[in-house]
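The file model_4.cif contains mmCIF, C-alpha atoms and all ligand atoms:
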```cif
data_model
#
loop_
_atom_site.group_PDB
_atom_site.id
_atom_site.type_symbol
_atom_site.label_atom_id
_atom_site.label_comp_id
_atom_site.auth_asym_id
_atom_site.auth_seq_id
_atom_site.Cartn_x
_atom_site.Cartn_y
_atom_site.Cartn_z
ATOM 1 C CA MET A 19 0.000 0.000 0.000
ATOM 2 C CA ARG A 20 1.196 3.472 -0.876
ATOM 3 C CA GLN A 21 -0.628 6.440 0.551
ATOM 4 C CA VAL A 22 0.180 9.980 -0.557
ATOM 5 C CA LEU A 23 0.309 12.276 2.466
ATOM 6 C CA GLU A 24 1.242 15.606 0.975
ATOM 7 C CA GLU A 25 2.518 17.353 -2.102
ATOM 8 C CA VAL A 26 4.692 20.445 -1.765
ATOM 9 C CA ALA A 27 5.289 22.748 -4.738
ATOM 10 C CA VAL A 28 8.941 23.810 -4.803
ATOM 11 C CA ARG A 29 10.022 27.129 -6.298
ATOM 12 C CA ASN A 30 12.103 28.908 -3.679
ATOM 13 C CA ASN A 31 13.990 28.614 -0.409
ATOM 14 C CA THR A 32 10.833 28.914 1.674
ATOM 15 C CA ASP A 33 9.359 25.898 -0.146
ATOM 16 C CA ILE A 34 12.534 23.927 0.582
ATOM 17 C CA VAL A 35 12.078 24.576 4.302
ATOM 18 C CA THR A 36 8.381 23.665 4.056
ATOM 19 C CA ALA A 37 9.199 20.350 2.349
ATOM 20 C CA ARG A 38 11.925 19.629 4.864
ATOM 21 C CA ASN A 39 9.727 20.318 7.901
ATOM 22 C CA SER A 40 6.770 18.446 6.471
ATOM 23 C CA VAL A 41 8.817 15.324 5.811
ATOM 24 C CA ARG A 42 10.236 15.483 9.306
ATOM 25 C CA THR A 43 6.761 15.720 10.834
ATOM 26 C CA TYR A 44 5.457 12.702 8.891
ATOM 27 C CA ALA A 45 8.590 10.690 9.669
ATOM 28 C CA LYS A 46 8.091 11.418 13.356
ATOM 29 C CA GLN A 47 4.412 10.399 13.152
ATOM 30 C CA MET A 48 5.434 7.125 11.525
ATOM 31 C CA GLY A 49 7.750 6.310 14.392
ATOM 32 C CA PHE A 50 11.185 7.204 13.040
ATOM 33 C CA GLY A 51 13.682 8.253 15.698
ATOM 34 C CA LEU A 52 15.262 11.698 15.850
ATOM 35 C CA VAL A 53 18.364 10.722 13.892
ATOM 36 C CA ASP A 54 16.386 9.141 11.073
ATOM 37 C CA GLN A 55 13.986 12.095 11.022
ATOM 38 C CA SER A 56 17.001 14.346 10.450
ATOM 39 C CA ARG A 57 18.453 12.063 7.786
ATOM 40 C CA ILE A 58 15.212 12.034 5.783
ATOM 41 C CA ALA A 59 14.695 15.766 6.228
ATOM 42 C CA THR A 60 18.253 16.544 5.115
ATOM 43 C CA ALA A 61 17.933 14.283 2.062
ATOM 44 C CA VAL A 62 14.718 16.009 0.978
ATOM 45 C CA SER A 63 16.231 19.410 1.608
ATOM 46 C CA GLU A 64 19.144 18.599 -0.737
ATOM 47 C CA LEU A 65 16.878 17.255 -3.479
ATOM 48 C CA ALA A 66 14.489 20.193 -3.184
ATOM 49 C CA ARG A 67 17.430 22.565 -3.364
ATOM 50 C CA ASN A 68 18.571 20.894 -6.576
ATOM 51 C CA ILE A 69 15.091 21.462 -7.999
ATOM 52 C CA VAL A 70 15.248 25.196 -7.228
ATOM 53 C CA VAL A 71 18.833 25.609 -8.457
ATOM 54 C CA TYR A 72 18.796 23.453 -11.611
ATOM 55 C CA ALA A 73 15.152 23.188 -12.670
ATOM 56 C CA LYS A 74 13.694 26.374 -11.112
ATOM 57 C CA SER A 75 10.554 24.578 -9.979
ATOM 58 C CA GLY A 76 9.096 21.167 -9.269
ATOM 59 C CA LYS A 77 7.399 19.250 -6.499
ATOM 60 C CA VAL A 78 7.997 16.996 -3.546
ATOM 61 C CA GLU A 79 5.488 14.226 -2.880
ATOM 62 C CA ILE A 80 5.510 12.540 0.502
ATOM 63 C CA ALA A 81 3.997 9.068 0.813
ATOM 64 C CA LYS A 82 3.614 6.357 3.405
ATOM 65 C CA LEU A 83 4.611 2.821 2.439
ATOM 66 C CA ASN A 84 3.139 -0.276 3.996
ATOM 67 C CA GLU A 85 4.258 -3.336 2.094
ATOM 68 C CA GLY A 86 3.874 -6.135 4.623
ATOM 69 C CA PRO A 87 6.940 -6.061 6.859
ATOM 70 C CA LYS A 88 8.365 -3.086 4.943
ATOM 71 C CA LYS A 89 6.881 0.063 6.427
ATOM 72 C CA GLY A 90 8.342 3.458 5.821
ATOM 73 C CA ILE A 91 8.382 6.740 4.003
ATOM 74 C CA GLU A 92 8.810 7.445 0.305
ATOM 75 C CA VAL A 93 9.543 10.887 -1.080
ATOM 76 C CA VAL A 94 9.448 11.649 -4.790
ATOM 77 C CA CYS A 95 11.195 14.862 -5.874
ATOM 78 C CA GLU A 96 10.464 15.743 -9.475
ATOM 79 C CA ASP A 97 10.819 18.550 -11.960
ATOM 80 C CA ASN A 98 10.463 19.315 -15.644
ATOM 81 C CA GLY A 99 13.863 20.947 -15.840
ATOM 82 C CA PRO A 100 16.833 20.285 -18.127
ATOM 83 C CA GLY A 101 17.485 16.783 -16.791
ATOM 84 C CA ILE A 102 20.776 15.141 -15.846
ATOM 85 C CA PRO A 103 22.786 13.914 -18.857
ATOM 86 C CA ASP A 104 24.946 11.480 -16.860
ATOM 87 C CA ILE A 105 23.339 10.180 -13.663
ATOM 88 C CA GLU A 106 26.358 8.164 -12.556
ATOM 89 C CA GLN A 107 28.500 11.293 -12.786
ATOM 90 C CA ALA A 108 25.916 13.343 -10.863
ATOM 91 C CA MET A 109 25.924 10.695 -8.118
ATOM 92 C CA SER A 110 29.693 10.876 -7.637
ATOM 93 C CA GLU A 111 31.208 13.040 -4.905
ATOM 94 C CA GLY A 112 32.513 16.389 -6.083
ATOM 95 C CA PHE A 113 30.720 16.560 -9.421
ATOM 96 C CA THR A 114 28.910 19.876 -9.837
ATOM 97 C CA THR A 115 27.745 22.060 -12.678
ATOM 98 C CA GLY A 116 26.632 24.702 -10.196
ATOM 99 C CA GLY A 117 29.997 25.702 -8.771
ATOM 100 C CA SER A 118 29.041 24.106 -5.475
ATOM 101 C CA LEU A 119 30.398 21.106 -3.528
ATOM 102 C CA GLY A 120 28.816 18.327 -5.554
ATOM 103 C CA MET A 121 27.855 16.522 -2.363
ATOM 104 C CA GLY A 122 24.051 16.740 -2.432
ATOM 105 C CA MET A 123 23.228 13.646 -4.485
ATOM 106 C CA PRO A 124 25.939 11.290 -3.143
ATOM 107 C CA GLY A 125 25.211 12.547 0.383
ATOM 108 C CA THR A 126 21.508 11.876 -0.038
ATOM 109 C CA LYS A 127 22.183 8.282 -1.054
ATOM 110 C CA LYS A 128 23.998 7.671 2.223
ATOM 111 C CA LEU A 129 21.111 9.035 4.269
ATOM 112 C CA VAL A 130 18.362 6.777 2.896
ATOM 113 C CA ASP A 131 17.763 3.052 2.347
ATOM 114 C CA GLU A 132 16.884 3.298 -1.338
ATOM 115 C CA MET A 133 17.451 5.990 -3.933
ATOM 116 C CA ASN A 134 16.346 5.873 -7.535
ATOM 117 C CA VAL A 135 17.128 8.560 -10.094
ATOM 118 C CA TRP A 136 15.279 8.889 -13.373
ATOM 119 C CA SER A 137 16.175 11.657 -15.748
ATOM 120 C CA GLU A 138 15.866 12.442 -19.401
ATOM 121 C CA ALA A 139 17.516 15.388 -21.162
ATOM 122 C CA GLY A 140 14.985 18.105 -21.840
ATOM 123 C CA LYS A 141 12.226 16.297 -19.923
ATOM 124 C CA GLY A 142 13.204 16.485 -16.297
ATOM 125 C CA THR A 143 14.373 14.600 -13.262
ATOM 126 C CA ARG A 144 12.648 12.388 -10.726
ATOM 127 C CA VAL A 145 14.444 11.209 -7.626
ATOM 128 C CA THR A 146 12.695 8.697 -5.374
ATOM 129 C CA ILE A 147 14.027 8.008 -1.906
ATOM 130 C CA ARG A 148 12.791 5.490 0.657
ATOM 131 C CA LYS A 149 13.511 4.839 4.271
ATOM 132 C CA PHE A 150 12.079 1.902 6.185
ATOM 133 C CA LEU A 151 11.292 1.478 9.845
ATOM 134 C CA LYS A 152 13.657 -1.014 11.438
HETATM 135 N N1 LIG A 201 17.015 18.343 -10.498
HETATM 136 C C1 LIG A 201 18.112 18.467 -11.255
HETATM 137 N N2 LIG A 201 18.024 18.887 -12.544
HETATM 138 C C2 LIG A 201 19.138 19.000 -13.328
HETATM 139 N N3 LIG A 201 20.383 18.722 -12.899
HETATM 140 C C3 LIG A 201 20.530 18.305 -11.627
HETATM 141 C C4 LIG A 201 19.418 18.158 -10.737
HETATM 142 N N4 LIG A 201 19.893 17.704 -9.551
HETATM 143 C C5 LIG A 201 21.208 17.576 -9.700
HETATM 144 N N5 LIG A 201 21.624 17.937 -10.936
HETATM 145 C C6 LIG A 201 22.993 17.878 -11.473
HETATM 146 O O1 LIG A 201 23.755 16.990 -10.676
HETATM 147 C C7 LIG A 201 24.905 17.680 -10.149
HETATM 148 C C8 LIG A 201 25.231 17.109 -8.785
HETATM 149 O O2 LIG A 201 24.220 17.445 -7.843
HETATM 150 P P1 LIG A 201 24.603 17.540 -6.291
HETATM 151 O O3 LIG A 201 23.393 17.907 -5.537
HETATM 152 O O4 LIG A 201 25.318 16.284 -5.903
HETATM 153 O O5 LIG A 201 25.708 18.691 -6.267
HETATM 154 P P2 LIG A 201 25.531 20.279 -6.379
HETATM 155 O O6 LIG A 201 24.070 20.636 -6.302
HETATM 156 O O7 LIG A 201 26.262 20.695 -7.586
HETATM 157 O O8 LIG A 201 26.297 20.764 -5.085
HETATM 158 P P3 LIG A 201 25.798 20.693 -3.555
HETATM 159 O O9 LIG A 201 24.506 19.908 -3.526
HETATM 160 O O10 LIG A 201 26.881 19.982 -2.816
HETATM 161 O O11 LIG A 201 25.613 22.117 -3.131
HETATM 162 C C9 LIG A 201 24.502 19.127 -10.163
HETATM 163 O O12 LIG A 201 25.619 19.987 -10.179
HETATM 164 C C10 LIG A 201 23.708 19.220 -11.465
HETATM 165 O O13 LIG A 201 24.542 19.261 -12.576
HETATM 166 MG MG MG A 202 22.838 19.864 -4.764
#
```

As structure tokens, what does this structure read like?
Ligand SMILES: Nc1ncnc2c1ncn2[C@@H]1O[C@H](COP(=O)(O)OP(=O)(O)OP(=O)(O)O)[C@@H](O)[C@H]1O
Ligand SMILES: [Mg+2]
Amino acid sequence: MRQVLEEVAVRNNTDIVTARNSVRTYAKQMGFGLVDQSRIATAVSELARNIVVYAKSGKVEIAKLNEGPKKGIEVVCEDNGPGIPDIEQAMSEGFTTGGSLGMGMPGTKKLVDEMNVWSEAGKGTRVTIRKFLK
């Protein structure tokens, strides 16, 4: 079962904070501990920031997963921006086209249990992250 809890439109820094806080609240409700709440919130904050910086706008969808023993949170961050030409490159530490640290995507992967990146040039990017209750 997958239940959508909230959708946050992302266009600016305020929206990034909204998405971050919202995810944290749902994670807490689901029973995640403080450390995991922070991990999920930080991951979403990084992905939402990428939306604002590289795609200008997009959305963050927060959902609850209940697949038998696997219960947790799923967050889909998507945009209709320029896309990522080389996903493997984008996932490696230090790669940036924005003159930044290039740590957002590889850092996010370490904070969650599952991370899936879909992207097509000219169409957009969709990053799905999942974290399960232990
Ligand atoms: N939503 C997106 N649309 C288009 N390109 C993206 C998107 N997200 C990431 N990228 C590309 O992937 C690269 C790596 O992203 P990542 O978040 O790891 O680093 P960064 O944003 O450059 O720096 P940092 O997150 O450390 O400030 C980006 O520089 C950009 O080229
Ligand atoms: Mg980034």

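Coordinates place CA of Asn30 in chain A at a distance of 15.4 Å from CA of Asn98 in chain A.
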
Taking all atoms listed in the file into account, report as a ChimeraX atom specification which residues have an atom no farther than 7 Å from an atom of ligand MG 202 (chain A).
-> /A:64-65,67-68,120-123

Pick from A:Lys82, A:Arg144, A:Arg42, A:Lys128, whichever lies nearest to ligand LIG 201 (chain A) using all atoms listed in the file = A:Arg144

Evaluate the PyMOL selection byres (((chain A and resi 81) around 8) and not hetatm) and record the selected residues as a JSON list (two decimals) with C-alpha atoms, in the frame of the given file, following the chain and residue labels used in the document.
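The resulting file, part-v8.json, is reproduced below:
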```
[["chain", "number", "residue", "atom", "x", "y", "z"],
["A", 20, "ARG", "CA", 1.20, 3.47, -0.88],
["A", 21, "GLN", "CA", -0.63, 6.44, 0.55],
["A", 22, "VAL", "CA", 0.18, 9.98, -0.56],
["A", 23, "LEU", "CA", 0.31, 12.28, 2.47],
["A", 24, "GLU", "CA", 1.24, 15.61, 0.98],
["A", 79, "GLU", "CA", 5.49, 14.23, -2.88],
["A", 80, "ILE", "CA", 5.51, 12.54, 0.50],
["A", 82, "LYS", "CA", 3.61, 6.36, 3.40],
["A", 83, "LEU", "CA", 4.61, 2.82, 2.44],
["A", 91, "ILE", "CA", 8.38, 6.74, 4.00],
["A", 92, "GLU", "CA", 8.81, 7.44, 0.30],
["A", 93, "VAL", "CA", 9.54, 10.89, -1.08]]
```

Taking the file above as input, evaluate the PyMOL selection byres (((chain A and resi 89) around 9) and not hetatm) and report the hits as a ChimeraX atom specification.
-> /A:48,82-88,90-91,149-152

Those residues with C-alpha atoms, as a compact mmCIF listing (two decimals), keeping the file's coordinate frame please?
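Printed below is out.txt as written:
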```
# COMPACT_ATOMS: atom_id res chain seq x y z
CA MET A 48 5.43 7.12 11.52
CA LYS A 82 3.61 6.36 3.40
CA LEU A 83 4.61 2.82 2.44
CA ASN A 84 3.14 -0.28 4.00
CA GLU A 85 4.26 -3.34 2.09
CA GLY A 86 3.87 -6.14 4.62
CA PRO A 87 6.94 -6.06 6.86
CA LYS A 88 8.36 -3.09 4.94
CA GLY A 90 8.34 3.46 5.82
CA ILE A 91 8.38 6.74 4.00
CA LYS A 149 13.51 4.84 4.27
CA PHE A 150 12.08 1.90 6.18
CA LEU A 151 11.29 1.48 9.85
CA LYS A 152 13.66 -1.01 11.44
```

Could you report the residues within 10 Å of ligand LIG 201 (chain A), using all atoms listed in the file, as a VMD selection string?
-> chain A and resid 63 to 76 95 to 127 135 137 to 145

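Taking CA of Thr60 in chain A as the reference point, CA of Met19 in chain A is found at 25.2 Å.
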
Could you jot down the CA of Arg29 in chain A to CA of Thr146 in chain A separation for me, Å, one decimal place?
->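 Interatomic distance here is 18.6 Å.
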
Minimum-distance residue to Ala61 in chain A, chosen among A:Asn134, A:Asp33, A:Gly49, A:Arg38 (using only C-alpha atoms) =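 Nearest to Ala61 in chain A: A:Arg38.
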